[in-house]
>>> print(open('structure.cif').read())   # mmCIF, C-alpha atoms
data_model
loop_
_atom_site.label_atom_id
_atom_site.label_comp_id
_atom_site.auth_asym_id
_atom_site.auth_seq_id
_atom_site.Cartn_x
_atom_site.Cartn_y
_atom_site.Cartn_z
CA MET A 14 -32.01 12.07 -73.05
CA GLN A 15 -28.93 13.38 -74.81
CA ASN A 16 -28.05 17.01 -74.13
CA ARG A 17 -26.69 18.43 -77.37
CA GLU A 18 -24.35 21.38 -77.54
CA LYS A 19 -25.88 24.42 -79.19
CA LYS A 20 -23.85 26.81 -81.31
CA ILE A 21 -24.68 30.35 -82.41
CA ILE A 22 -22.75 32.03 -85.21
CA PHE A 23 -22.20 35.76 -85.77
CA THR A 24 -20.38 37.66 -88.51
CA VAL A 25 -18.55 40.83 -87.49
CA PRO A 26 -19.89 43.91 -89.35
CA GLU A 27 -17.71 46.78 -90.56
CA SER A 28 -18.81 48.96 -87.65
CA PHE A 29 -17.11 46.60 -85.16
CA ASP A 30 -13.86 46.10 -87.06
CA GLY A 31 -10.92 46.20 -84.65
CA VAL A 32 -12.87 46.18 -81.38
CA MET A 33 -12.34 43.69 -78.57
CA LEU A 34 -14.33 40.47 -78.81
CA LYS A 35 -16.05 41.14 -75.47
CA SER A 36 -17.26 44.53 -76.72
CA PHE A 37 -18.60 42.98 -79.93
CA LEU A 38 -20.43 40.26 -77.99
CA LYS A 39 -21.98 42.66 -75.47
CA ASN A 40 -22.91 45.53 -77.77
CA HIS A 41 -23.73 43.83 -81.06
CA CYS A 42 -24.73 40.29 -80.09
CA HIS A 43 -26.41 41.23 -76.77
CA VAL A 44 -24.56 38.56 -74.80
CA SER A 45 -25.05 38.98 -71.05
CA ALA A 46 -22.10 39.39 -68.68
CA ARG A 47 -22.99 36.07 -67.04
CA LEU A 48 -23.08 34.17 -70.32
CA LEU A 49 -19.86 35.83 -71.49
CA ALA A 50 -18.12 34.67 -68.31
CA ALA A 51 -19.37 31.12 -68.90
CA LEU A 52 -18.20 31.19 -72.53
CA LYS A 53 -14.74 32.43 -71.51
CA ASN A 54 -14.39 29.59 -69.00
CA LYS A 55 -15.63 26.91 -71.41
CA GLU A 56 -13.08 25.22 -73.62
CA ASN A 57 -13.85 26.30 -77.17
CA GLY A 58 -16.74 28.40 -75.91
CA LEU A 59 -15.59 31.18 -78.24
CA THR A 60 -13.95 30.24 -81.53
CA SER A 61 -13.22 31.50 -85.03
CA ARG A 62 -12.00 29.31 -87.88
CA GLY A 63 -11.66 26.49 -85.36
CA GLU A 64 -9.30 28.45 -83.11
CA ARG A 65 -10.14 29.42 -79.55
CA LEU A 66 -10.69 33.12 -78.93
CA TRP A 67 -10.19 35.21 -75.81
CA ALA A 68 -12.36 38.10 -74.68
CA ILE A 69 -9.58 40.64 -75.25
CA ASP A 70 -8.86 39.50 -78.81
CA ARG A 71 -9.56 42.03 -81.57
CA VAL A 72 -12.12 41.06 -84.18
CA GLU A 73 -12.12 41.89 -87.88
CA ALA A 74 -14.95 42.83 -90.24
CA GLY A 75 -16.29 39.69 -91.91
CA GLN A 76 -14.85 37.39 -89.24
CA VAL A 77 -17.15 34.54 -88.21
CA ILE A 78 -17.47 34.05 -84.44
CA THR A 79 -18.94 30.86 -83.01
CA LEU A 80 -20.47 30.65 -79.53
CA ALA A 81 -20.75 27.14 -78.06
CA LEU A 82 -23.36 27.61 -75.34
CA PRO A 83 -22.82 25.81 -72.02
CA LEU A 84 -24.91 22.66 -71.59
CA GLU A 85 -27.87 23.02 -69.25
CA LYS A 86 -30.02 20.52 -67.44
CA ASN A 87 -33.80 20.59 -67.15
CA THR A 88 -34.92 20.27 -63.53
CA VAL A 89 -38.71 20.37 -64.00
CA GLU A 90 -40.62 17.11 -63.67
CA PRO A 91 -42.01 16.05 -67.07
CA VAL A 92 -45.77 15.48 -67.07
CA SER A 93 -47.72 14.70 -70.24
CA LEU A 94 -50.31 17.47 -70.46
CA PRO A 95 -52.01 19.09 -73.47
CA LEU A 96 -49.71 21.70 -74.98
CA GLN A 97 -50.75 24.06 -77.77
CA ILE A 98 -47.59 25.00 -79.67
CA LEU A 99 -47.83 27.97 -82.04
CA TYR A 100 -44.16 28.17 -82.98
CA GLU A 101 -40.95 26.28 -82.22
CA ASP A 102 -37.33 26.25 -83.34
CA VAL A 103 -34.08 25.27 -81.64
CA HIS A 104 -34.04 28.53 -79.67
CA LEU A 105 -37.66 29.44 -78.87
CA LEU A 106 -41.00 27.85 -78.03
CA LEU A 107 -44.26 29.81 -78.21
CA LEU A 108 -47.29 28.39 -76.40
CA ASN A 109 -50.96 29.24 -76.08
CA LYS A 110 -51.82 28.79 -72.40
CA PRO A 111 -55.38 27.90 -71.43
CA PRO A 112 -57.03 29.49 -68.39
CA GLY A 113 -56.69 27.49 -65.20
CA MET A 114 -53.12 26.28 -65.79
CA PRO A 115 -50.27 27.65 -63.64
CA VAL A 116 -47.13 28.49 -65.60
CA HIS A 117 -44.57 26.99 -63.22
CA PRO A 118 -44.51 24.62 -60.21
CA THR A 119 -45.03 26.09 -56.76
CA SER A 120 -44.65 24.79 -53.24
CA CYS A 121 -48.33 25.30 -52.48
CA GLY A 122 -50.14 22.62 -54.45
CA HIS A 123 -49.08 22.98 -58.07
CA THR A 124 -46.15 20.64 -58.60
CA SER A 125 -47.20 18.60 -61.63
CA ASP A 126 -50.01 20.42 -63.46
CA THR A 127 -48.17 23.42 -64.87
CA LEU A 128 -47.12 24.74 -68.25
CA ALA A 129 -43.50 24.08 -67.30
CA ASN A 130 -44.30 20.42 -66.56
CA ALA A 131 -45.89 20.11 -70.00
CA CYS A 132 -42.84 21.81 -71.61
CA SER A 133 -40.57 19.37 -69.84
CA ALA A 134 -42.51 16.40 -71.22
CA HIS A 135 -42.41 17.93 -74.69
CA MET A 136 -38.64 18.40 -74.63
CA ARG A 137 -38.16 14.83 -73.40
CA GLN A 138 -40.24 13.57 -76.31
CA LYS A 139 -38.01 15.55 -78.70
CA GLY A 140 -34.80 14.38 -77.05
CA GLU A 141 -33.90 17.87 -75.85
CA SER A 142 -32.83 19.24 -72.49
CA TYR A 143 -32.75 22.91 -71.55
CA LYS A 144 -33.57 25.18 -68.67
CA ILE A 145 -37.13 26.45 -69.10
CA ARG A 146 -37.01 30.25 -69.17
CA LEU A 147 -40.43 31.89 -69.40
CA LEU A 148 -40.08 35.32 -71.01
CA ASN A 149 -43.53 36.33 -69.81
CA ARG A 150 -45.54 34.89 -66.96
CA LEU A 151 -49.32 34.78 -66.90
CA ASP A 152 -51.46 34.26 -63.81
CA LYS A 153 -53.06 30.83 -63.52
CA ASP A 154 -56.45 32.02 -64.77
CA THR A 155 -55.10 34.36 -67.45
CA SER A 156 -54.97 32.83 -70.92
CA GLY A 157 -52.87 33.46 -74.00
CA LEU A 158 -49.36 33.60 -75.38
CA VAL A 159 -46.31 32.51 -73.39
CA LEU A 160 -42.81 32.62 -74.89
CA VAL A 161 -40.13 30.19 -73.71
CA ALA A 162 -36.41 30.70 -74.37
CA LYS A 163 -34.45 27.47 -74.76
CA ASP A 164 -31.09 29.04 -73.94
CA ALA A 165 -29.53 31.84 -71.91
CA PHE A 166 -28.55 33.84 -74.97
CA CYS A 167 -32.10 34.20 -76.31
CA ALA A 168 -33.54 34.81 -72.85
CA TYR A 169 -31.25 37.79 -72.27
CA ALA A 170 -31.49 39.14 -75.82
CA LEU A 171 -35.31 39.12 -75.71
CA ALA A 172 -35.70 40.45 -72.17
CA ARG A 173 -37.92 43.54 -72.35
CA GLN A 174 -37.85 43.34 -76.17
CA VAL A 175 -41.09 41.41 -76.71
CA GLU A 176 -44.10 43.59 -77.56
CA LYS A 177 -47.31 42.18 -76.08
CA THR A 178 -50.93 43.25 -76.28
CA TYR A 179 -53.52 42.01 -73.83
CA LEU A 180 -57.28 41.90 -74.23
CA ALA A 181 -59.53 42.26 -71.21
CA VAL A 182 -63.18 42.76 -70.41
CA ALA A 183 -63.66 45.39 -67.71
CA GLN A 184 -66.84 46.12 -65.82
CA GLY A 185 -68.51 49.40 -66.67
CA VAL A 186 -68.14 51.66 -69.68
CA LEU A 187 -64.80 53.18 -70.64
CA CYS A 188 -64.10 55.28 -73.73
CA GLY A 189 -61.02 56.29 -75.66
CA SER A 190 -57.48 55.66 -74.47
CA ALA A 191 -55.74 56.39 -71.18
CA THR A 192 -52.67 55.60 -69.11
CA ILE A 193 -52.63 54.40 -65.51
CA ASP A 194 -49.39 55.35 -63.75
CA SER A 195 -49.70 54.04 -60.19
CA CYS A 196 -47.22 52.17 -58.03
CA ILE A 197 -48.17 48.67 -56.89
CA ARG A 198 -47.36 46.85 -53.64
CA ILE A 199 -48.49 43.75 -51.76
CA LYS A 200 -51.55 44.64 -49.73
CA PRO A 201 -50.69 44.67 -46.01
CA GLY A 202 -51.81 41.48 -44.30
CA HIS A 203 -52.02 39.57 -47.59
CA THR A 204 -49.61 37.31 -49.47
CA ILE A 205 -51.22 37.38 -52.92
CA GLN A 206 -53.42 40.45 -53.27
CA ARG A 207 -51.88 43.71 -54.49
CA GLU A 208 -52.95 47.34 -54.31
CA THR A 209 -51.88 50.72 -55.65
CA ALA A 210 -49.86 52.78 -53.17
CA PRO A 211 -47.26 55.58 -53.41
CA ASP A 212 -44.60 53.41 -51.75
CA GLY A 213 -45.08 50.51 -54.17
CA ARG A 214 -43.13 49.58 -57.28
CA HIS A 215 -43.47 51.74 -60.37
CA ALA A 216 -46.12 50.43 -62.80
CA VAL A 217 -47.58 51.86 -66.02
CA THR A 218 -50.50 50.46 -68.03
CA HIS A 219 -51.90 51.86 -71.30
CA TYR A 220 -55.40 50.89 -72.40
CA THR A 221 -57.75 51.57 -75.30
CA ALA A 222 -61.48 50.90 -75.25
CA LEU A 223 -62.45 48.84 -78.30
CA ALA A 224 -66.18 48.27 -77.83
CA HIS A 225 -68.97 47.98 -75.25
CA GLU A 226 -71.56 45.34 -74.42
CA GLN A 227 -73.97 44.99 -71.47
CA ASN A 228 -72.14 47.48 -69.23
CA HIS A 229 -68.78 45.88 -70.03
CA THR A 230 -65.88 47.24 -72.08
CA LEU A 231 -63.53 45.27 -74.29
CA LEU A 232 -60.03 46.70 -73.81
CA ALA A 233 -56.66 46.39 -75.52
CA LEU A 234 -53.82 46.94 -73.06
CA ARG A 235 -50.07 47.40 -73.24
CA LEU A 236 -47.66 47.35 -70.31
CA GLU A 237 -44.52 49.40 -69.75
CA THR A 238 -43.72 47.38 -66.63
CA GLY A 239 -44.43 43.81 -65.60
CA ARG A 240 -45.69 43.82 -62.03
CA THR A 241 -47.62 40.90 -60.59
CA HIS A 242 -51.37 41.36 -61.24
CA GLN A 243 -50.62 44.74 -62.85
CA ILE A 244 -53.58 44.95 -65.23
CA ARG A 245 -55.96 43.54 -62.64
CA VAL A 246 -54.82 45.94 -59.92
CA HIS A 247 -54.74 49.00 -62.16
CA MET A 248 -58.20 48.45 -63.61
CA ALA A 249 -59.66 47.85 -60.15
CA SER A 250 -57.96 51.02 -58.90
CA ILE A 251 -59.97 53.18 -61.34
CA GLY A 252 -63.25 51.48 -60.46
CA HIS A 253 -63.38 49.08 -63.41
CA PRO A 254 -62.26 45.63 -62.21
CA LEU A 255 -62.04 42.85 -64.76
CA ALA A 256 -65.12 40.71 -65.12
CA GLY A 257 -64.70 37.50 -63.13
CA ASP A 258 -61.80 38.83 -61.07
CA SER A 259 -63.23 38.21 -57.61
CA LEU A 260 -59.89 38.97 -55.91
CA TYR A 261 -60.18 42.59 -57.03
CA GLY A 262 -63.94 43.10 -56.93
CA GLY A 263 -64.97 41.64 -60.27
CA ASN A 264 -68.40 40.05 -60.74
CA LEU A 265 -68.60 36.30 -61.37
CA THR A 266 -71.98 36.45 -63.12
CA TYR A 267 -70.69 35.98 -66.67
CA ILE A 268 -67.29 34.34 -66.27
CA GLY A 269 -65.57 32.30 -63.56
CA ARG A 270 -62.06 33.75 -63.98
CA GLN A 271 -60.53 37.14 -64.72
CA ALA A 272 -61.35 38.10 -68.30
CA LEU A 273 -57.75 38.66 -69.34
CA HIS A 274 -55.92 37.24 -72.36
CA CYS A 275 -52.43 37.78 -73.83
CA ASN A 276 -53.60 38.26 -77.40
CA SER A 277 -50.60 39.25 -79.52
CA MET A 278 -46.83 39.14 -79.43
CA ALA A 279 -44.12 40.56 -81.68
CA PHE A 280 -40.35 40.28 -81.49
CA VAL A 281 -37.19 40.18 -83.58
CA HIS A 282 -35.64 36.72 -83.37
CA PRO A 283 -32.26 37.20 -81.64
CA VAL A 284 -30.51 34.63 -83.86
CA THR A 285 -32.15 34.96 -87.29
CA GLN A 286 -33.02 38.68 -86.90
CA GLN A 287 -36.41 37.98 -88.48
CA MET A 288 -39.52 39.76 -87.21
CA HIS A 289 -42.16 37.41 -85.79
CA ARG A 290 -45.78 38.32 -85.01
CA PHE A 291 -48.31 35.98 -83.42
CA VAL A 292 -51.95 36.25 -82.40
CA SER A 293 -53.97 34.05 -80.05
CA PRO A 294 -57.75 34.08 -80.65
CA VAL A 295 -59.99 35.36 -77.88
CA PRO A 296 -61.20 32.44 -75.70
CA ARG A 297 -64.86 31.51 -75.84
CA ASP A 298 -65.59 32.49 -72.25
CA MET A 299 -64.43 36.06 -72.94
CA GLN A 300 -66.33 36.12 -76.23
CA PHE A 301 -69.47 35.24 -74.31
CA ILE A 302 -69.22 38.32 -72.09
CA ALA A 303 -68.76 40.81 -74.89
CA PHE A 304 -69.87 38.77 -77.87
CA SER A 305 -71.12 41.70 -79.92
CA ALA A 306 -68.05 43.74 -79.04
CA TYR A 307 -65.86 40.84 -80.06
CA ASN A 308 -67.63 40.55 -83.42
CA GLN A 309 -67.08 44.25 -84.05
CA GLU A 310 -63.35 43.94 -83.47
CA LYS A 311 -62.52 40.35 -84.40
CA GLU A 312 -60.86 41.26 -87.69
CA ASN A 313 -58.33 43.28 -85.70
CA LEU A 314 -57.85 40.60 -83.05
CA ARG A 315 -57.16 37.58 -85.25
#
>>> encode(input="structure.cif", output="structure tokens")
Amino acid sequence: MQNREKKIIFTVPESFDGVMLKSFLKNHCHVSARLLAALKNKENGLTSRGERLWAIDRVEAGQVITLALPLEKNTVEPVSLPLQILYEDVHLLLLNKPPGMPVHPTSCGHTSDTLANACSAHMRQKGESYKIRLLNRLDKDTSGLVLVAKDAFCAYALARQVEKTYLAVAQGVLCGSATIDSCIRIKPGHTIQRETAPDGRHAVTHYTALAHEQNHTLLALRLETGRTHQIRVHMASIGHPLAGDSLYGGNLTYIGRQALHCNSMAFVHPVTQQMHRFVSPVPRDMQFIAFSAYNQEKENLR
């Protein structure tokens, strides 16, 4: 596999005329301090008109700046697994993860059956090599959209910039919209299970009830924070665990995994500056629980 150098090009706007290159890169291009250091140390990492630039150089309006990103090596074992690709370019890869698939290898049994393994096989097939950076991580049994950055620039530029909406089926009847603002910590004596507690990490979840069916509620949720199991823990904390989420008190009668799905994603591409919006259809097992509710809302969820 041949690792090809990737270049990103920026044009200096009038508002940055005369500023130092490092200020332009940090404040306009959203280049991280770590990447900037790597670019400074790389021969021809920063150039304009074929000439090497230094971080303290002054830039001019209309000047074209080229970033030659450092080469990176993929370290994840490639395994040919089904991979549903919704979007791909040289910078980003958007996937639709099925339930039951871990997102990355672990030391406790999942070393070759993960989304990262499948990504690695895909990049090998395309003749690419890059560090797999997952911009959002879903639990093994949560389904839906996962965005992968193919380089350090896009990973940093998109951090906390991707708008995501989740769909879930909670037990019981909820109405309207509400916010859950409760800290989350690892439950004492456990390694996986979480709980709400005042001494935990700050976590905020917003939800809106969309429809009801058979004592279940179809919810749309948005997160302000990204704590492990956040939606699952928060819904259980108010007495409405997700259907199928046995770890947090959910009933397994209708579904064998937590009824949680990353349904939509929106972001501005950090290189092209184009707005992208994607939707992942509700999986059949979640449709089965709240089939009528799903039909009522499906035009909004497509």
>>> resolve_selection(input="structure.cif", expression="the PyMOL selection byres ((chain A and resi 102-118) around 7)", output="number ranges by chain")
A: 97-101, 119-120, 123-125, 127-129, 150-164, 167, 293
>>> residues_around(input="structure.cif", residues="region 44-56 of chain A", least_positions_apart="4", cutoff="10 Å", atoms="only C-alpha atoms", output="PyMOL selection string")
chain A and resi 35-40+60+65-68+80-83+165-170
>>> atom_distance(input="structure.cif", atom1="CA of Glu27 (chain A)", atom2="CA of Pro283 (chain A)")
19.6 Å
>>> closest_residue(input="structure.cif", among="A:Thr88, A:Gln174, A:Asn228, A:Asn149", to="Asn130 (chain A)", atoms="all atoms listed in the file")
A:Thr88
>>> resolve_selection(input="structure.cif", expression="the PyMOL selection byres ((chain A and resi 189) around 10)", output="list in words")
Leu187, Cys188, Ser190, Ala191, Tyr220, Thr221, Ala222, Leu223, Ala224 and Leu232 of chain A
>>> write_last_selection(input="structure.cif", atoms="C-alpha atoms", output="PDB file, in the frame of the given file")
ATOM      1  CA  LEU A 187     -64.800  53.180 -70.640  1.00  0.00           C
ATOM      2  CA  CYS A 188     -64.100  55.280 -73.730  1.00  0.00           C
ATOM      3  CA  SER A 190     -57.480  55.660 -74.470  1.00  0.00           C
ATOM      4  CA  ALA A 191     -55.740  56.390 -71.180  1.00  0.00           C
ATOM      5  CA  TYR A 220     -55.400  50.890 -72.400  1.00  0.00           C
ATOM      6  CA  THR A 221     -57.750  51.570 -75.300  1.00  0.00           C
ATOM      7  CA  ALA A 222     -61.480  50.900 -75.250  1.00  0.00           C
ATOM      8  CA  LEU A 223     -62.450  48.840 -78.300  1.00  0.00           C
ATOM      9  CA  ALA A 224     -66.180  48.270 -77.830  1.00  0.00           C
ATOM     10  CA  LEU A 232     -60.030  46.700 -73.810  1.00  0.00           C
TER      11      LEU A 232
END
>>> resolve_selection(input="structure.cif", expression="the PyMOL selection byres ((chain A and resi 207-215) around 10)", output="number ranges by chain")
A: 194-201, 203-206, 216-217, 237-243, 245-247, 249-250, 260-261
>>> residues_around(input="structure.cif", residues="Glu73 (chain A)", least_positions_apart="2", cutoff="7 Å", atoms="only C-alpha atoms", output="list in words")
Val25, Asp30, Gly31, Arg71, Gly75 and Gln76 of chain A
>>> atom_distance(input="structure.cif", atom1="CA of His219 (chain A)", atom2="CA of Ala256 (chain A)")
18.4 Å
>>> decode(input="structure.cif", residues="region 205-228 of chain A", atoms="N, CA and C atoms", output="tab-separated table (two decimals), in the first residue's frame")
chain	number	residue	atom	x	y	z
A	205	ILE	N	-18.35	-1.24	33.60
A	205	ILE	CA	-19.06	-0.79	32.41
A	205	ILE	C	-20.25	0.10	32.76
A	206	GLN	N	-21.05	-0.32	33.72
A	206	GLN	CA	-22.29	0.38	34.03
A	206	GLN	C	-22.04	1.77	34.62
A	207	ARG	N	-22.86	2.72	34.19
A	207	ARG	CA	-22.80	4.09	34.70
A	207	ARG	C	-24.04	4.43	35.50
A	208	GLU	N	-23.98	5.56	36.21
A	208	GLU	CA	-25.12	6.06	36.96
A	208	GLU	C	-25.02	7.57	37.07
A	209	THR	N	-26.15	8.21	37.37
A	209	THR	CA	-26.12	9.65	37.63
A	209	THR	C	-25.71	9.87	39.08
A	210	ALA	N	-24.86	10.87	39.30
A	210	ALA	CA	-24.37	11.18	40.64
A	210	ALA	C	-23.79	12.59	40.63
A	211	PRO	N	-23.95	13.34	41.73
A	211	PRO	CA	-23.46	14.72	41.77
A	211	PRO	C	-21.96	14.85	41.52
A	212	ASP	N	-21.18	13.81	41.87
A	212	ASP	CA	-19.73	13.90	41.70
A	212	ASP	C	-19.25	13.33	40.37
A	213	GLY	N	-20.19	13.09	39.44
A	213	GLY	CA	-19.82	12.57	38.13
A	213	GLY	C	-19.43	13.68	37.17
A	214	ARG	N	-19.32	13.31	35.91
A	214	ARG	CA	-18.95	14.29	34.87
A	214	ARG	C	-20.21	14.93	34.30
A	215	HIS	N	-20.12	16.21	34.03
A	215	HIS	CA	-21.26	16.98	33.54
A	215	HIS	C	-21.83	16.36	32.27
A	216	ALA	N	-23.16	16.23	32.21
A	216	ALA	CA	-23.82	15.63	31.05
A	216	ALA	C	-25.20	16.25	30.87
A	217	VAL	N	-25.52	16.62	29.61
A	217	VAL	CA	-26.81	17.24	29.31
A	217	VAL	C	-27.41	16.57	28.08
A	218	THR	N	-28.67	16.13	28.22
A	218	THR	CA	-29.40	15.49	27.13
A	218	THR	C	-30.73	16.21	26.92
A	219	HIS	N	-31.05	16.54	25.68
A	219	HIS	CA	-32.35	17.13	25.33
A	219	HIS	C	-33.17	16.09	24.58
A	220	TYR	N	-34.44	15.95	24.93
A	220	TYR	CA	-35.28	14.99	24.19
A	220	TYR	C	-36.64	15.59	23.87
A	221	THR	N	-37.23	15.07	22.79
A	221	THR	CA	-38.58	15.44	22.38
A	221	THR	C	-39.35	14.17	22.07
A	222	ALA	N	-40.54	14.05	22.66
A	222	ALA	CA	-41.40	12.90	22.38
A	222	ALA	C	-42.05	13.09	21.02
A	223	LEU	N	-41.91	12.10	20.15
A	223	LEU	CA	-42.47	12.18	18.80
A	223	LEU	C	-43.81	11.48	18.69
A	224	ALA	N	-43.94	10.32	19.32
A	224	ALA	CA	-45.18	9.54	19.20
A	224	ALA	C	-45.15	8.43	20.24
A	225	HIS	N	-46.32	7.78	20.43
A	225	HIS	CA	-46.43	6.71	21.42
A	225	HIS	C	-47.02	5.46	20.79
A	226	GLU	N	-46.66	4.32	21.35
A	226	GLU	CA	-47.20	3.04	20.87
A	226	GLU	C	-46.99	2.00	21.95
A	227	GLN	N	-48.05	1.34	22.40
A	227	GLN	CA	-47.98	0.22	23.33
A	227	GLN	C	-47.10	0.53	24.55
A	228	ASN	N	-47.39	1.64	25.20
A	228	ASN	CA	-46.66	2.06	26.40
A	228	ASN	C	-45.17	2.30	26.14
